[in-house]
Each structure stands twice: as structure tokens, then as C-alpha cells.
$ cat input13.pdb   # PDB, C-alpha atoms and all ligand atoms
ATOM      1  CA  MET A  77     113.679 169.677  78.337  1.00  0.00           C
ATOM      2  CA  THR A  78     111.358 168.365  81.012  1.00  0.00           C
ATOM      3  CA  LYS A  79     109.600 170.964  83.079  1.00  0.00           C
ATOM      4  CA  THR A  80     109.796 171.182  86.854  1.00  0.00           C
ATOM      5  CA  VAL A  81     106.829 170.678  89.165  1.00  0.00           C
ATOM      6  CA  THR A  82     106.982 174.406  89.916  1.00  0.00           C
ATOM      7  CA  GLU A  83     106.702 175.332  86.239  1.00  0.00           C
ATOM      8  CA  ARG A  84     103.907 172.858  85.600  1.00  0.00           C
ATOM      9  CA  LEU A  85     101.965 173.977  88.663  1.00  0.00           C
ATOM     10  CA  LYS A  86     102.288 177.619  87.630  1.00  0.00           C
ATOM     11  CA  SER A  87     100.872 176.961  84.187  1.00  0.00           C
ATOM     12  CA  VAL A  88      97.970 174.921  85.561  1.00  0.00           C
ATOM     13  CA  LYS A  89      97.154 177.626  88.114  1.00  0.00           C
ATOM     14  CA  GLU A  90      96.980 180.231  85.342  1.00  0.00           C
ATOM     15  CA  THR A  91      94.078 178.319  83.796  1.00  0.00           C
ATOM     16  CA  ILE A  92      92.023 178.056  86.977  1.00  0.00           C
ATOM     17  CA  PRO A  93      89.641 180.893  87.797  1.00  0.00           C
ATOM     18  CA  GLU A  94      89.329 182.361  91.258  1.00  0.00           C
ATOM     19  CA  GLY A  95      86.777 180.460  93.304  1.00  0.00           C
ATOM     20  CA  VAL A  96      87.784 177.077  91.902  1.00  0.00           C
ATOM     21  CA  LYS A  97      89.978 175.101  94.262  1.00  0.00           C
ATOM     22  CA  LEU A  98      92.906 173.161  92.824  1.00  0.00           C
ATOM     23  CA  ILE A  99      93.576 169.813  94.486  1.00  0.00           C
ATOM     24  CA  ALA A 100      97.055 168.672  93.457  1.00  0.00           C
ATOM     25  CA  VAL A 101      96.823 164.892  93.175  1.00  0.00           C
ATOM     26  CA  SER A 102     100.131 163.605  94.512  1.00  0.00           C
ATOM     27  CA  LYS A 103      99.398 159.857  94.736  1.00  0.00           C
ATOM     28  CA  THR A 104     102.500 157.715  94.106  1.00  0.00           C
ATOM     29  CA  LYS A 105     104.689 160.849  94.040  1.00  0.00           C
ATOM     30  CA  PRO A 106     107.569 161.457  96.468  1.00  0.00           C
ATOM     31  CA  ASN A 107     107.576 164.003  99.279  1.00  0.00           C
ATOM     32  CA  SER A 108     110.122 166.090  97.379  1.00  0.00           C
ATOM     33  CA  ASP A 109     107.582 166.740  94.595  1.00  0.00           C
ATOM     34  CA  ILE A 110     104.890 167.642  97.112  1.00  0.00           C
ATOM     35  CA  LEU A 111     107.239 170.022  98.914  1.00  0.00           C
ATOM     36  CA  GLU A 112     108.123 171.685  95.642  1.00  0.00           C
ATOM     37  CA  ALA A 113     104.442 172.393  94.966  1.00  0.00           C
ATOM     38  CA  TYR A 114     103.907 173.451  98.584  1.00  0.00           C
ATOM     39  CA  GLN A 115     106.715 175.982  98.269  1.00  0.00           C
ATOM     40  CA  GLU A 116     104.885 177.374  95.249  1.00  0.00           C
ATOM     41  CA  GLY A 117     101.888 178.017  97.515  1.00  0.00           C
ATOM     42  CA  GLN A 118      99.875 174.828  96.920  1.00  0.00           C
ATOM     43  CA  ILE A 119      98.224 173.643 100.133  1.00  0.00           C
ATOM     44  CA  TYR A 120      95.530 171.206  98.904  1.00  0.00           C
ATOM     45  CA  PHE A 121      96.756 167.738  97.961  1.00  0.00           C
ATOM     46  CA  GLY A 122      94.860 164.587  97.003  1.00  0.00           C
ATOM     47  CA  GLU A 123      95.805 160.985  97.755  1.00  0.00           C
ATOM     48  CA  ASN A 124      93.960 157.714  97.172  1.00  0.00           C
ATOM     49  CA  LYS A 125      95.666 155.196  99.463  1.00  0.00           C
ATOM     50  CA  ALA A 126      95.033 155.502 103.195  1.00  0.00           C
ATOM     51  CA  GLN A 127      98.414 154.280 104.415  1.00  0.00           C
ATOM     52  CA  GLU A 128     100.361 156.294 101.851  1.00  0.00           C
ATOM     53  CA  LEU A 129      98.414 159.368 102.925  1.00  0.00           C
ATOM     54  CA  GLU A 130      99.015 158.662 106.617  1.00  0.00           C
ATOM     55  CA  ARG A 131     102.741 158.348 106.016  1.00  0.00           C
ATOM     56  CA  LYS A 132     103.018 161.495 103.901  1.00  0.00           C
ATOM     57  CA  ALA A 133     100.948 163.556 106.323  1.00  0.00           C
ATOM     58  CA  GLY A 134     103.322 162.555 109.107  1.00  0.00           C
ATOM     59  CA  GLU A 135     106.367 163.554 107.115  1.00  0.00           C
ATOM     60  CA  LEU A 136     105.180 166.780 105.484  1.00  0.00           C
ATOM     61  CA  PRO A 137     104.160 170.241 106.802  1.00  0.00           C
ATOM     62  CA  GLY A 138     101.192 170.236 109.164  1.00  0.00           C
ATOM     63  CA  ASP A 139      99.284 172.981 107.373  1.00  0.00           C
ATOM     64  CA  ILE A 140      98.756 170.920 104.220  1.00  0.00           C
ATOM     65  CA  HIS A 141      95.078 170.120 103.581  1.00  0.00           C
ATOM     66  CA  TRP A 142      94.828 166.483 102.578  1.00  0.00           C
ATOM     67  CA  HIS A 143      91.882 165.275 100.508  1.00  0.00           C
ATOM     68  CA  PHE A 144      91.215 161.574 100.259  1.00  0.00           C
ATOM     69  CA  ILE A 145      90.015 161.143  96.675  1.00  0.00           C
ATOM     70  CA  GLY A 146      89.810 157.424  95.985  1.00  0.00           C
ATOM     71  CA  HIS A 147      87.716 154.464  96.931  1.00  0.00           C
ATOM     72  CA  LEU A 148      88.066 154.102 100.701  1.00  0.00           C
ATOM     73  CA  GLN A 149      87.652 150.755 102.426  1.00  0.00           C
ATOM     74  CA  THR A 150      85.932 150.945 105.804  1.00  0.00           C
ATOM     75  CA  ASN A 151      88.819 149.208 107.582  1.00  0.00           C
ATOM     76  CA  LYS A 152      91.196 151.968 106.381  1.00  0.00           C
ATOM     77  CA  VAL A 153      89.231 154.964 107.653  1.00  0.00           C
ATOM     78  CA  LYS A 154      90.986 154.886 111.017  1.00  0.00           C
ATOM     79  CA  TYR A 155      94.356 155.709 109.447  1.00  0.00           C
ATOM     80  CA  ILE A 156      93.241 159.059 108.086  1.00  0.00           C
ATOM     81  CA  ALA A 157      90.351 160.178 110.315  1.00  0.00           C
ATOM     82  CA  PRO A 158      92.562 162.068 112.805  1.00  0.00           C
ATOM     83  CA  PHE A 159      93.771 164.603 110.253  1.00  0.00           C
ATOM     84  CA  VAL A 160      92.188 164.318 106.785  1.00  0.00           C
ATOM     85  CA  SER A 161      90.575 167.563 105.690  1.00  0.00           C
ATOM     86  CA  MET A 162      88.039 166.061 103.283  1.00  0.00           C
ATOM     87  CA  ILE A 163      86.955 162.599 102.185  1.00  0.00           C
ATOM     88  CA  GLU A 164      85.824 163.068  98.610  1.00  0.00           C
ATOM     89  CA  ALA A 165      84.484 159.744  97.572  1.00  0.00           C
ATOM     90  CA  VAL A 166      81.783 158.518  99.916  1.00  0.00           C
ATOM     91  CA  ASP A 167      79.659 155.958  98.119  1.00  0.00           C
ATOM     92  CA  SER A 168      77.838 154.052 100.860  1.00  0.00           C
ATOM     93  CA  LEU A 169      76.096 154.452 104.182  1.00  0.00           C
ATOM     94  CA  LYS A 170      78.389 151.806 105.624  1.00  0.00           C
ATOM     95  CA  LEU A 171      81.451 153.913 104.819  1.00  0.00           C
ATOM     96  CA  LEU A 172      79.837 157.063 106.129  1.00  0.00           C
ATOM     97  CA  LYS A 173      78.990 155.320 109.412  1.00  0.00           C
ATOM     98  CA  GLU A 174      82.610 154.318 109.868  1.00  0.00           C
ATOM     99  CA  ILE A 175      83.862 157.819 109.047  1.00  0.00           C
ATOM    100  CA  ASN A 176      81.431 159.216 111.595  1.00  0.00           C
ATOM    101  CA  LYS A 177      82.621 156.742 114.213  1.00  0.00           C
ATOM    102  CA  GLN A 178      86.328 157.376 113.645  1.00  0.00           C
ATOM    103  CA  ALA A 179      85.816 161.150 113.464  1.00  0.00           C
ATOM    104  CA  ALA A 180      84.064 161.016 116.836  1.00  0.00           C
ATOM    105  CA  LYS A 181      87.078 159.231 118.322  1.00  0.00           C
ATOM    106  CA  SER A 182      89.253 162.114 117.161  1.00  0.00           C
ATOM    107  CA  GLU A 183      86.629 164.650 118.285  1.00  0.00           C
ATOM    108  CA  ARG A 184      86.354 165.995 114.778  1.00  0.00           C
ATOM    109  CA  VAL A 185      83.764 166.708 112.131  1.00  0.00           C
ATOM    110  CA  ILE A 186      84.988 165.440 108.761  1.00  0.00           C
ATOM    111  CA  PRO A 187      83.700 167.112 105.587  1.00  0.00           C
ATOM    112  CA  CYS A 188      82.673 164.510 103.000  1.00  0.00           C
ATOM    113  CA  LEU A 189      81.530 164.537  99.388  1.00  0.00           C
ATOM    114  CA  LEU A 190      79.050 162.049  97.996  1.00  0.00           C
ATOM    115  CA  GLN A 191      80.491 160.333  94.950  1.00  0.00           C
ATOM    116  CA  PHE A 192      78.096 159.866  92.056  1.00  0.00           C
ATOM    117  CA  HIS A 193      78.382 157.521  89.151  1.00  0.00           C
ATOM    118  CA  ILE A 194      78.495 159.884  86.179  1.00  0.00           C
ATOM    119  CA  ALA A 195      80.509 158.006  83.538  1.00  0.00           C
ATOM    120  CA  GLU A 196      78.330 156.720  80.719  1.00  0.00           C
ATOM    121  CA  GLU A 197      80.747 154.039  79.602  1.00  0.00           C
ATOM    122  CA  ASP A 198      83.241 153.112  82.269  1.00  0.00           C
ATOM    123  CA  THR A 199      82.100 151.396  85.363  1.00  0.00           C
ATOM    124  CA  LYS A 200      83.337 153.583  88.172  1.00  0.00           C
ATOM    125  CA  PHE A 201      82.363 153.743  91.803  1.00  0.00           C
ATOM    126  CA  GLY A 202      79.551 155.978  92.849  1.00  0.00           C
ATOM    127  CA  LEU A 203      75.949 156.388  93.911  1.00  0.00           C
ATOM    128  CA  ASP A 204      72.936 156.931  91.722  1.00  0.00           C
ATOM    129  CA  ARG A 205      70.105 159.249  92.731  1.00  0.00           C
ATOM    130  CA  GLU A 206      67.997 156.572  94.418  1.00  0.00           C
ATOM    131  CA  GLU A 207      70.912 155.322  96.470  1.00  0.00           C
ATOM    132  CA  ALA A 208      71.754 158.861  97.559  1.00  0.00           C
ATOM    133  CA  GLN A 209      68.159 159.456  98.523  1.00  0.00           C
ATOM    134  CA  ALA A 210      68.045 156.249 100.562  1.00  0.00           C
ATOM    135  CA  LEU A 211      71.261 157.235 102.325  1.00  0.00           C
ATOM    136  CA  LEU A 212      70.145 160.777 103.132  1.00  0.00           C
ATOM    137  CA  ASP A 213      66.685 159.664 104.296  1.00  0.00           C
ATOM    138  CA  SER A 214      68.030 156.941 106.560  1.00  0.00           C
ATOM    139  CA  GLU A 215      67.779 157.196 110.337  1.00  0.00           C
ATOM    140  CA  PRO A 216      71.484 156.437 110.950  1.00  0.00           C
ATOM    141  CA  PHE A 217      72.458 159.280 108.637  1.00  0.00           C
ATOM    142  CA  LYS A 218      70.235 161.774 110.406  1.00  0.00           C
ATOM    143  CA  LYS A 219      71.895 160.960 113.731  1.00  0.00           C
ATOM    144  CA  MET A 220      75.472 161.436 112.544  1.00  0.00           C
ATOM    145  CA  GLN A 221      77.225 164.241 114.388  1.00  0.00           C
ATOM    146  CA  ASN A 222      80.783 163.908 113.172  1.00  0.00           C
ATOM    147  CA  ILE A 223      80.456 164.142 109.403  1.00  0.00           C
ATOM    148  CA  ARG A 224      79.333 167.016 107.242  1.00  0.00           C
ATOM    149  CA  ILE A 225      78.199 166.543 103.651  1.00  0.00           C
ATOM    150  CA  ALA A 226      79.947 169.326 101.747  1.00  0.00           C
ATOM    151  CA  GLY A 227      78.906 168.478  98.195  1.00  0.00           C
ATOM    152  CA  VAL A 228      79.342 165.980  95.390  1.00  0.00           C
ATOM    153  CA  MET A 229      82.160 164.362  93.450  1.00  0.00           C
ATOM    154  CA  GLY A 230      82.338 162.475  90.172  1.00  0.00           C
ATOM    155  CA  MET A 231      84.739 160.975  87.662  1.00  0.00           C
ATOM    156  CA  ALA A 232      83.905 161.268  83.995  1.00  0.00           C
ATOM    157  CA  THR A 233      84.627 158.664  81.353  1.00  0.00           C
ATOM    158  CA  TYR A 234      88.244 158.556  80.217  1.00  0.00           C
ATOM    159  CA  THR A 235      87.636 159.993  76.769  1.00  0.00           C
ATOM    160  CA  GLU A 236      88.564 162.912  74.557  1.00  0.00           C
ATOM    161  CA  ASN A 237      84.984 163.255  73.388  1.00  0.00           C
ATOM    162  CA  SER A 238      84.190 166.649  74.856  1.00  0.00           C
ATOM    163  CA  ASP A 239      80.439 166.403  74.159  1.00  0.00           C
ATOM    164  CA  GLN A 240      80.282 163.284  76.265  1.00  0.00           C
ATOM    165  CA  LEU A 241      82.430 164.828  79.023  1.00  0.00           C
ATOM    166  CA  ARG A 242      80.203 167.881  79.030  1.00  0.00           C
ATOM    167  CA  ARG A 243      77.072 165.708  79.360  1.00  0.00           C
ATOM    168  CA  GLU A 244      78.575 163.823  82.283  1.00  0.00           C
ATOM    169  CA  PHE A 245      79.640 166.999  84.090  1.00  0.00           C
ATOM    170  CA  LYS A 246      76.236 168.594  83.442  1.00  0.00           C
ATOM    171  CA  PHE A 247      74.671 165.515  84.989  1.00  0.00           C
ATOM    172  CA  LEU A 248      76.720 165.938  88.193  1.00  0.00           C
ATOM    173  CA  LYS A 249      75.849 169.638  88.350  1.00  0.00           C
ATOM    174  CA  ALA A 250      72.161 168.717  88.034  1.00  0.00           C
ATOM    175  CA  VAL A 251      72.525 166.167  90.836  1.00  0.00           C
ATOM    176  CA  PHE A 252      74.143 168.840  92.996  1.00  0.00           C
ATOM    177  CA  ASP A 253      71.319 171.321  92.293  1.00  0.00           C
ATOM    178  CA  TRP A 254      68.708 168.705  93.085  1.00  0.00           C
ATOM    179  CA  LEU A 255      70.338 167.717  96.389  1.00  0.00           C
ATOM    180  CA  LYS A 256      70.831 171.354  97.319  1.00  0.00           C
ATOM    181  CA  GLN A 257      67.137 171.999  96.826  1.00  0.00           C
ATOM    182  CA  GLU A 258      65.805 168.806  98.390  1.00  0.00           C
ATOM    183  CA  TYR A 259      68.163 168.273 101.309  1.00  0.00           C
ATOM    184  CA  PHE A 260      70.625 171.095 101.824  1.00  0.00           C
ATOM    185  CA  SER A 261      68.844 174.367 101.108  1.00  0.00           C
ATOM    186  CA  GLU A 262      69.538 175.507 104.678  1.00  0.00           C
ATOM    187  CA  THR A 263      73.119 174.234 104.625  1.00  0.00           C
ATOM    188  CA  PRO A 264      75.598 176.803 103.241  1.00  0.00           C
ATOM    189  CA  ASP A 265      78.406 174.260 103.697  1.00  0.00           C
ATOM    190  CA  PHE A 266      76.897 172.094 100.984  1.00  0.00           C
ATOM    191  CA  LYS A 267      78.608 173.893  98.116  1.00  0.00           C
ATOM    192  CA  GLU A 268      81.282 171.803  96.437  1.00  0.00           C
ATOM    193  CA  ILE A 269      81.246 170.101  93.053  1.00  0.00           C
ATOM    194  CA  SER A 270      84.483 168.171  92.652  1.00  0.00           C
ATOM    195  CA  MET A 271      84.948 167.192  89.012  1.00  0.00           C
ATOM    196  CA  GLY A 272      87.680 167.383  86.417  1.00  0.00           C
ATOM    197  CA  MET A 273      91.166 165.846  86.174  1.00  0.00           C
ATOM    198  CA  SER A 274      94.240 166.553  84.026  1.00  0.00           C
ATOM    199  CA  GLY A 275      92.537 165.605  80.773  1.00  0.00           C
ATOM    200  CA  ASP A 276      89.169 167.237  81.268  1.00  0.00           C
ATOM    201  CA  TYR A 277      89.268 169.909  83.972  1.00  0.00           C
ATOM    202  CA  PRO A 278      88.726 172.912  81.644  1.00  0.00           C
ATOM    203  CA  VAL A 279      85.376 171.414  80.552  1.00  0.00           C
ATOM    204  CA  ALA A 280      84.516 170.616  84.171  1.00  0.00           C
ATOM    205  CA  ILE A 281      85.141 174.238  85.163  1.00  0.00           C
ATOM    206  CA  GLN A 282      82.886 175.460  82.361  1.00  0.00           C
ATOM    207  CA  GLU A 283      80.182 173.151  83.701  1.00  0.00           C
ATOM    208  CA  GLY A 284      80.388 174.392  87.274  1.00  0.00           C
ATOM    209  CA  ALA A 285      83.197 172.584  89.097  1.00  0.00           C
ATOM    210  CA  THR A 286      84.218 174.257  92.366  1.00  0.00           C
ATOM    211  CA  MET A 287      87.129 171.840  92.826  1.00  0.00           C
ATOM    212  CA  VAL A 288      89.343 170.150  90.274  1.00  0.00           C
ATOM    213  CA  ARG A 289      91.680 167.228  90.994  1.00  0.00           C
ATOM    214  CA  VAL A 290      94.775 167.511  88.828  1.00  0.00           C
ATOM    215  CA  GLY A 291      97.662 165.066  89.082  1.00  0.00           C
ATOM    216  CA  SER A 292      99.766 164.154  86.057  1.00  0.00           C
ATOM    217  CA  LEU A 293      99.651 167.623  84.541  1.00  0.00           C
ATOM    218  CA  ILE A 294     101.451 168.929  87.646  1.00  0.00           C
ATOM    219  CA  PHE A 295     103.611 165.996  88.723  1.00  0.00           C
ATOM    220  CA  GLY A 296     104.117 164.135  85.446  1.00  0.00           C
ATOM    221  CA  GLU A 297     102.974 160.657  84.515  1.00  0.00           C
ATOM    222  CA  ARG A 298     102.691 158.152  87.344  1.00  0.00           C
ATOM    223  CA  ASN A 299     104.744 154.988  87.535  1.00  0.00           C
ATOM    224  CA  TYR A 300     102.826 152.109  89.054  1.00  0.00           C
ATOM    225  CA  ASN A 301     105.192 149.330  89.969  1.00  0.00           C
TER     226      ASN A 301
HETATM  227  C1  LIG B   1      94.370 159.996  90.050  1.00  0.00           C
HETATM  228  C2  LIG B   1      93.097 160.747  90.244  1.00  0.00           C
HETATM  229  C3  LIG B   1      92.964 162.064  89.767  1.00  0.00           C
HETATM  230  C4  LIG B   1      94.036 162.793  88.993  1.00  0.00           C
HETATM  231  O1  LIG B   1      94.257 162.206  87.744  1.00  0.00           O
HETATM  232  P1  LIG B   1      95.180 162.917  86.631  1.00  0.00           P
HETATM  233  O2  LIG B   1      94.635 162.412  85.358  1.00  0.00           O
HETATM  234  O3  LIG B   1      96.568 162.494  86.896  1.00  0.00           O
HETATM  235  O4  LIG B   1      95.003 164.388  86.780  1.00  0.00           O
HETATM  236  C5  LIG B   1      91.772 162.710  90.028  1.00  0.00           C
HETATM  237  N1  LIG B   1      90.771 162.127  90.716  1.00  0.00           N
HETATM  238  C6  LIG B   1      90.860 160.871  91.173  1.00  0.00           C
HETATM  239  C7  LIG B   1      89.717 160.298  91.920  1.00  0.00           C
HETATM  240  C8  LIG B   1      92.025 160.147  90.953  1.00  0.00           C
HETATM  241  O5  LIG B   1      92.093 158.894  91.423  1.00  0.00           O
END

$ encode --input "input13.pdb" --output "C-alpha cells"
Amino acid sequence: MTKTVTERLKSVKETIPEGVKLIAVSKTKPNSDILEAYQEGQIYFGENKAQELERKAGELPGDIHWHFIGHLQTNKVKYIAPFVSMIEAVDSLKLLKEINKQAAKSERVIPCLLQFHIAEEDTKFGLDREEAQALLDSEPFKKMQNIRIAGVMGMATYTENSDQLRREFKFLKAVFDWLKQEYFSETPDFKEISMGMSGDYPVAIQEGATMVRVGSLIFGERNYN
């Protein structure tokens, strides 16, 4: 028998300690699935396509907190800036500038996470330390009024090798600690470490995740057509 979204969500929630935020990754999934999770008390959802997110946000309850979790193209920022509650995967100054600009138009401050490249094998999007430093030291960044850097995000290698996963998560935690000390020691809002997905979130939590992004374990496998 296949389990319902409600049942799956309940069992995932049981494994997540207090203080770790669960982002239910609902990309490609229908509104009915999202509503089912919402009725079970889930209010944080993650999407990775700007127009899909814009559509869903318009159709679903207004108190849902939407996290944009994927690679975001600058020309798509405008679709989500009016309402998105966090943009998790900022990997360039150019993108951050556009987020700042669109947030200003909506008279908002948008919390953002800096995405780091942590996977040893896969090539995934993300900054390295030098790039982050260059971004944070830049004059345009210092002038931005409508974004707030709330922490870091990373995607580990798609592997079952838990030693490797642990190394990659430890690396992101170390990056967070370094940034906290060098740039954000006076910024209590800089506090999030978003790491861990369906296959690896328990290891991520052990290594200090404050947010996990879990999709298929809650909503079932995705069908990309
Ligand atoms: C799809 C996605 C997830 C969730 O993946 P699952 O393996 O289904 O849990 C998490 N983070 C990002 C950035 C994603 O794109």
C-alpha cells in the first residue's frame, strides 16, 4: 500500500529535532499534495522554478512560507520578489544585486542564503570561499538595503557514502563558522545552515543543519515530463 503525504510527513517530522526547520520541497507536485501537508501543519515549502512558484503562491494559502531553493536566473527574480520568504541559493553578486533591486520595488527585505559548492565529485552551483569574500567585501554589497544574508546553503554529492557526506557537511559548517566570525559576528540573523535532502538529511542534522530540504520522502518520487 502506498502511503499518503500526511503519513509520510508525520514520519519525517518524527526524525527532526526541535530547532531544525523542515522545508517540504514540493517542486513538480500538485497543489493538492501541498494542501495535504499544509493541513498537517507544514508551512515551509521549497520550489525551484520561479514561474511554478509564482503560480502556486497565488493559488495556495497566503500564510505559506515559500523558499526558493534552486538556481535562480536574474531575469526570473521579479516573479517571486513580491512574496518569497527566503531565496536559498544565491551564488553571485549579479543575482544578489537583482534581488536587492526587485525587493526594493516591493518595499521588502528578502532573506537570502549564500550557496557554497560543497560536493567533492558532482559539479553543482555554488561559491567558494574566495568568491564569497569578494562578494561580501564589494562596495555594491555593502550598499544593499533590501537583502539580508541569513546564512549558508549547500548540496552534497549524490552518494550513499556517509563518510563523504559527513565531510561535505562539515565543510559547510566550517564555512558558516568562518563567515559568522569574519563578517556576521554582530548579526544575529546570520544563523541558518541549510543542508540535507531526502537521502542524507539525518547526517546533515548531526553535522549542524538548521534547515533541511526534504522532497521525495514526503511527496514521493518526482515525475519529470
Ligand atoms: C529537489 C531538491 C531538494 C529535495 O530533494 P529530495 O531528494 O527529493 O529530498 C533539496 N534541495 C534542492 C536544492 C533541490 O533542488

$ closest_residue --input "input13.pdb" --among "A:Asp213, A:Glu123, A:Glu297, A:Glu244" --to "Glu258 in chain A" --atoms "only C-alpha atoms"
A:Asp213

$ residues_near_ligand --input "input13.pdb" --ligand "ligand LIG 1 (chain B)" --cutoff "8 Å" --atoms "only C-alpha atoms and all ligand atoms" --output "PDB file with C-alpha atoms, in the coordinates of the input"
ATOM      1  CA  ALA A 100      97.055 168.672  93.457  1.00  0.00           C
ATOM      2  CA  VAL A 101      96.823 164.892  93.175  1.00  0.00           C
ATOM      3  CA  LYS A 103      99.398 159.857  94.736  1.00  0.00           C
ATOM      4  CA  GLY A 122      94.860 164.587  97.003  1.00  0.00           C
ATOM      5  CA  GLU A 123      95.805 160.985  97.755  1.00  0.00           C
ATOM      6  CA  ASN A 124      93.960 157.714  97.172  1.00  0.00           C
ATOM      7  CA  ILE A 145      90.015 161.143  96.675  1.00  0.00           C
ATOM      8  CA  GLY A 146      89.810 157.424  95.985  1.00  0.00           C
ATOM      9  CA  HIS A 147      87.716 154.464  96.931  1.00  0.00           C
ATOM     10  CA  ALA A 165      84.484 159.744  97.572  1.00  0.00           C
ATOM     11  CA  GLY A 230      82.338 162.475  90.172  1.00  0.00           C
ATOM     12  CA  MET A 231      84.739 160.975  87.662  1.00  0.00           C
ATOM     13  CA  MET A 271      84.948 167.192  89.012  1.00  0.00           C
ATOM     14  CA  GLY A 272      87.680 167.383  86.417  1.00  0.00           C
ATOM     15  CA  MET A 273      91.166 165.846  86.174  1.00  0.00           C
ATOM     16  CA  SER A 274      94.240 166.553  84.026  1.00  0.00           C
ATOM     17  CA  GLY A 275      92.537 165.605  80.773  1.00  0.00           C
ATOM     18  CA  VAL A 288      89.343 170.150  90.274  1.00  0.00           C
ATOM     19  CA  ARG A 289      91.680 167.228  90.994  1.00  0.00           C
ATOM     20  CA  VAL A 290      94.775 167.511  88.828  1.00  0.00           C
ATOM     21  CA  GLY A 291      97.662 165.066  89.082  1.00  0.00           C
ATOM     22  CA  SER A 292      99.766 164.154  86.057  1.00  0.00           C
ATOM     23  CA  LEU A 293      99.651 167.623  84.541  1.00  0.00           C
ATOM     24  CA  ILE A 294     101.451 168.929  87.646  1.00  0.00           C
ATOM     25  CA  GLY A 296     104.117 164.135  85.446  1.00  0.00           C
ATOM     26  CA  GLU A 297     102.974 160.657  84.515  1.00  0.00           C
ATOM     27  CA  ARG A 298     102.691 158.152  87.344  1.00  0.00           C
TER      28      ARG A 298
END

$ resolve_selection --input "input13.pdb" --expression "the PyMOL selection byres (((chain A and resi 132-138) around 12) and not hetatm)" --output "PyMOL selection string"
chain A and resi 102-115+118-131+139-144+155-161

$ write_last_selection --input "input13.pdb" --atoms "C-alpha atoms" --output "mmCIF file, keeping the file's coordinate frame"
data_model
loop_
_atom_site.group_PDB
_atom_site.id
_atom_site.type_symbol
_atom_site.label_atom_id
_atom_site.label_comp_id
_atom_site.auth_asym_id
_atom_site.auth_seq_id
_atom_site.Cartn_x
_atom_site.Cartn_y
_atom_site.Cartn_z
ATOM 1 C CA SER A 102 100.131 163.605 94.512
ATOM 2 C CA LYS A 103 99.398 159.857 94.736
ATOM 3 C CA THR A 104 102.500 157.715 94.106
ATOM 4 C CA LYS A 105 104.689 160.849 94.040
ATOM 5 C CA PRO A 106 107.569 161.457 96.468
ATOM 6 C CA ASN A 107 107.576 164.003 99.279
ATOM 7 C CA SER A 108 110.122 166.090 97.379
ATOM 8 C CA ASP A 109 107.582 166.740 94.595
ATOM 9 C CA ILE A 110 104.890 167.642 97.112
ATOM 10 C CA LEU A 111 107.239 170.022 98.914
ATOM 11 C CA GLU A 112 108.123 171.685 95.642
ATOM 12 C CA ALA A 113 104.442 172.393 94.966
ATOM 13 C CA TYR A 114 103.907 173.451 98.584
ATOM 14 C CA GLN A 115 106.715 175.982 98.269
ATOM 15 C CA GLN A 118 99.875 174.828 96.920
ATOM 16 C CA ILE A 119 98.224 173.643 100.133
ATOM 17 C CA TYR A 120 95.530 171.206 98.904
ATOM 18 C CA PHE A 121 96.756 167.738 97.961
ATOM 19 C CA GLY A 122 94.860 164.587 97.003
ATOM 20 C CA GLU A 123 95.805 160.985 97.755
ATOM 21 C CA ASN A 124 93.960 157.714 97.172
ATOM 22 C CA LYS A 125 95.666 155.196 99.463
ATOM 23 C CA ALA A 126 95.033 155.502 103.195
ATOM 24 C CA GLN A 127 98.414 154.280 104.415
ATOM 25 C CA GLU A 128 100.361 156.294 101.851
ATOM 26 C CA LEU A 129 98.414 159.368 102.925
ATOM 27 C CA GLU A 130 99.015 158.662 106.617
ATOM 28 C CA ARG A 131 102.741 158.348 106.016
ATOM 29 C CA ASP A 139 99.284 172.981 107.373
ATOM 30 C CA ILE A 140 98.756 170.920 104.220
ATOM 31 C CA HIS A 141 95.078 170.120 103.581
ATOM 32 C CA TRP A 142 94.828 166.483 102.578
ATOM 33 C CA HIS A 143 91.882 165.275 100.508
ATOM 34 C CA PHE A 144 91.215 161.574 100.259
ATOM 35 C CA TYR A 155 94.356 155.709 109.447
ATOM 36 C CA ILE A 156 93.241 159.059 108.086
ATOM 37 C CA ALA A 157 90.351 160.178 110.315
ATOM 38 C CA PRO A 158 92.562 162.068 112.805
ATOM 39 C CA PHE A 159 93.771 164.603 110.253
ATOM 40 C CA VAL A 160 92.188 164.318 106.785
ATOM 41 C CA SER A 161 90.575 167.563 105.690
#

$ resolve_selection --input "input13.pdb" --expression "the PyMOL selection byres (((chain A and resi 82) around 8) and not hetatm)" --output "VMD selection string"
chain A and resid 80 to 81 83 to 86 112 to 113 116

$ write_last_selection --input "input13.pdb" --atoms "C-alpha atoms" --output "compact mmCIF listing (two decimals), keeping the file's coordinate frame"
# COMPACT_ATOMS: atom_id res chain seq x y z
CA THR A 80 109.80 171.18 86.85
CA VAL A 81 106.83 170.68 89.16
CA GLU A 83 106.70 175.33 86.24
CA ARG A 84 103.91 172.86 85.60
CA LEU A 85 101.96 173.98 88.66
CA LYS A 86 102.29 177.62 87.63
CA GLU A 112 108.12 171.68 95.64
CA ALA A 113 104.44 172.39 94.97
CA GLU A 116 104.88 177.37 95.25

$ resolve_selection --input "input13.pdb" --expression "the PyMOL selection byres (((chain A and resi 265-268) around 7) and not hetatm)" --output "list in words"
Ile225, Ala226, Gly227, Val228, Phe260, Thr263, Pro264, Ile269, Ser270, Thr286 and Met287 of chain A

$ atom_distance --input "input13.pdb" --atom1 "CA of Asp204 in chain A" --atom2 "CA of Val96 in chain A"
25.0 Å

$ atom_distance --input "input13.pdb" --atom1 "CA of Thr78 in chain A" --atom2 "CA of Gly117 in chain A"
21.3 Å

$ atom_distance --input "input13.pdb" --atom1 "CA of Gln191 in chain A" --atom2 "CA of Asp167 in chain A"
5.5 Å

$ residues_around --input "input13.pdb" --residues "Met220 in chain A" --least-positions-apart "3" --cutoff "9 Å" --atoms "all atoms listed in the file" --output "ChimeraX atom specification"
/A:172-173,176-177,216-217,223-224

$ closest_residue --input "input13.pdb" --among "A:Asn237, A:Asn222, A:Ser87, A:Ser182" --to "Glu196 in chain A" --atoms "all atoms listed in the file"
A:Asn237

$ closest_residue --input "input13.pdb" --among "A:Ile194, A:Leu98, A:Leu203, A:Val185" --to "Lys249 in chain A" --atoms "only C-alpha atoms"
A:Ile194
